[in-house]
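First up is the structure itself, then whatever we jot down about it.
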Amino acid sequence: MGSATSELPSRTPLSDTAETGLKIVVVGGFGVGKTTLVRSVSEIRPLNTEEVMTQAGVGVDETADVAAKTTTTVAFDFGRISLNERVVLYLFGAPGQERFWFLWDRLFSGTLGAVVLVDTRRMDESWYAIDRLEHHKTPFVVAVNRFDDDTSAHSLAEIRQALALPDHVPLIDCDARVRASGKDVLITLVDHLYELAMAQEMTP
């Protein structure tokens with residue numbers, strides 16, 4: 001897969017025509033790529049609460065499959081992307097470590113939809129995110145972040161079965177480093193939210 005540019009986007013003013021703002025939360029396990037996704041798609045310089053990992057996390061944070069990771073989100077990431085002239089998404093990336101999960105319920109407040117980012121090397125770390133979203137009745141899509149060293153080659157059908165995802169939940173591949181790929185994930189979520197809203201409107 002391609003790689004994203006390392007340059008941060010310049011400051012982009014919010015369009016005067018923007019009339020719909022949607023709060024979106026990106027959740028998933030530790031080191032799955034949530035900060036990378038927010039950073040790659042944000043049209044403004046994203047707010048990151050990353051801190052350098054220290055010895056205090058040894059034995060607490062599971063780093064077996066992310067040994068090269070040196071920083072971690074301790075509160076949340078924030079970014080913004082305009083999907084078109086009228087629709088703006090406000091993105092919140094949730095921290096992945098179990099010790100910070102208590103923050104998730106507050107981040108879900110006012111959220112219209114969510115992205116569950118999945119690493120196929122550690123799919124079991126996605127279950128908590130899916131469980132919390134279902135508990136809050138928050139619509140979501142699942143995006144499989146395909147890492148360069150992921151040799152498992154699990155198909156989307158196999159991943160859907162492993163996560164026990166209902167057929168109506170969208171499941172797609174992505175590369176969190178690439179802006180176009182991340183944007184496709186967000187468009188998939190907005191389309192899903194629109195379809196759910198239309199279905200609810202048609203329900204007598």
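Simple scheme: letters A, B, ... for chains in structure tokens order, numbers from 1 for residues in each chain, numbers from 1 for ligands in the order shown.
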I'd like the contact shell of Trp104 of chain A - 9 Å cut-off, only C-alpha atoms, skipping same-chain residues fewer than 3 positions apart - returned as number ranges by chain.
A: 27, 94-95, 100-101, 107-109, 129, 132
Residue nearest Val88 of chain A - candidates A:Ile130, A:Val144, A:Val190, A:Val25, atoms counted: only C-alpha atoms:
A:Val190
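Atom to atom, atom CA of Lys137 of chain A and atom CA of Leu163 of chain A stand 17.3 Å apart.
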Would you mind reading off the distance between atom CA of Met123 of chain A and atom CA of Val26 of chain A, one decimal, in Å?
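Calculated distance between atom CA of Met123 of chain A and atom CA of Val26 of chain A is 15.8 Å.
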As a ChimeraX atom specification, please: the residues near Leu91 of chain A (cut-off 7 Å, only C-alpha atoms, same-chain neighbours under 3 positions excluded).
/A:23-25,38,78-80
Quick one: pull the distance between atom CA of Arg121 of chain A and atom CA of Ala143 of chain A, Å, one decimal.
13.8 Å
With distances taken over only C-alpha atoms, which residue among A:Pro170, A:Arg86, A:Leu22, A:His135 lies nearest Leu196 of chain A?
A:Pro170
Hey, what's within 7 Å of Val32 of chain A if we count only C-alpha atoms and toss same-chain stuff fewer than 3 positions away? As a PyMOL selection string, please?
chain A and resi 28-29+117-119
Give me a file of those residues, with all heavy atoms, as a compact mmCIF listing (two decimals), in the first residue's frame.
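The resulting file, selection-v2.txt, is shown below:
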# COMPACT_ATOMS: atom_id res chain seq x y z
N GLY A 28 -10.78 1.45 18.88
CA GLY A 28 -10.09 0.21 18.53
C GLY A 28 -9.01 -0.08 19.56
O GLY A 28 -8.82 0.67 20.51
N GLY A 29 -8.30 -1.16 19.34
CA GLY A 29 -7.28 -1.59 20.28
C GLY A 29 -6.04 -0.71 20.28
O GLY A 29 -5.89 0.21 19.47
N LEU A 117 -11.55 0.54 14.24
CA LEU A 117 -10.35 0.18 13.47
C LEU A 117 -9.82 -1.14 13.99
O LEU A 117 -9.66 -1.33 15.21
CB LEU A 117 -9.31 1.28 13.63
CG LEU A 117 -8.32 1.51 12.47
CD1 LEU A 117 -9.08 1.73 11.16
CD2 LEU A 117 -7.41 2.69 12.77
N VAL A 118 -9.56 -2.07 13.07
CA VAL A 118 -9.19 -3.43 13.43
C VAL A 118 -7.81 -3.78 12.89
O VAL A 118 -7.47 -3.46 11.74
CB VAL A 118 -10.23 -4.43 12.87
CG1 VAL A 118 -9.77 -5.87 13.08
CG2 VAL A 118 -11.58 -4.22 13.53
N ASP A 119 -7.01 -4.42 13.73
CA ASP A 119 -5.73 -5.00 13.34
C ASP A 119 -5.94 -6.51 13.35
O ASP A 119 -6.24 -7.10 14.40
CB ASP A 119 -4.66 -4.59 14.36
CG ASP A 119 -3.28 -5.17 14.03
OD1 ASP A 119 -3.19 -6.05 13.15
OD2 ASP A 119 -2.31 -4.74 14.67
If we count only C-alpha atoms, what is near Lys183 of chain A at a cut-off of 10 Å, once residues fewer than 3 positions away on the same chain are taken out, given as a PyMOL selection string?
chain A and resi 37-38+40-42+81-83+174+176+178-180+186-189
Just list as JSON, numbers by chain whatever in segment 75-157 of chain A DSSP marks as helix (DSSP H, G or I).
{"A": [98, 99, 100, 101, 102, 103, 104, 105, 106, 107, 108, 120, 121, 122, 123, 124, 125, 126, 127, 128, 129, 130, 131, 132, 133, 134, 135, 156, 157]}
Go ahead and save the residues from that selection, with C-alpha atoms, as a compact mmCIF listing (two decimals), in the first residue's frame.
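Here's the written file selection_12.txt:
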# COMPACT_ATOMS: atom_id res chain seq x y z
CA GLU A 98 -7.57 -0.75 28.70
CA ARG A 99 -6.53 1.63 31.50
CA PHE A 100 -8.02 4.55 29.52
CA TRP A 101 -11.27 2.86 28.50
CA PHE A 102 -13.16 4.78 31.19
CA LEU A 103 -12.88 7.81 28.87
CA TRP A 104 -14.80 6.12 26.07
CA ASP A 105 -18.30 6.57 27.46
CA ARG A 106 -17.77 10.33 27.69
CA LEU A 107 -16.36 10.47 24.17
CA PHE A 108 -19.46 8.63 22.91
CA THR A 120 -6.10 -8.60 12.11
CA ARG A 121 -3.10 -9.62 14.22
CA ARG A 122 -5.08 -8.72 17.36
CA MET A 123 -8.75 -8.96 16.44
CA ASP A 124 -9.80 -9.84 19.98
CA GLU A 125 -8.95 -6.27 21.03
CA SER A 126 -11.85 -5.05 18.86
CA TRP A 127 -14.56 -6.82 20.84
CA TYR A 128 -14.69 -4.29 23.66
CA ALA A 129 -15.12 -1.39 21.22
CA ILE A 130 -17.95 -3.16 19.40
CA ASP A 131 -19.60 -4.10 22.69
CA ARG A 132 -19.53 -0.50 24.00
CA LEU A 133 -20.91 0.90 20.76
CA GLU A 134 -23.74 -1.63 20.73
CA HIS A 135 -24.42 -0.79 24.40
CA LEU A 156 -13.36 -9.67 4.98
CA ALA A 157 -15.80 -12.57 5.20
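You can rank A:Thr111, A:Thr36, A:Gln200, A:Ser155 by their closest distance to Arg177 of chain A using only C-alpha atoms, and at the top of that list sits A:Thr36.
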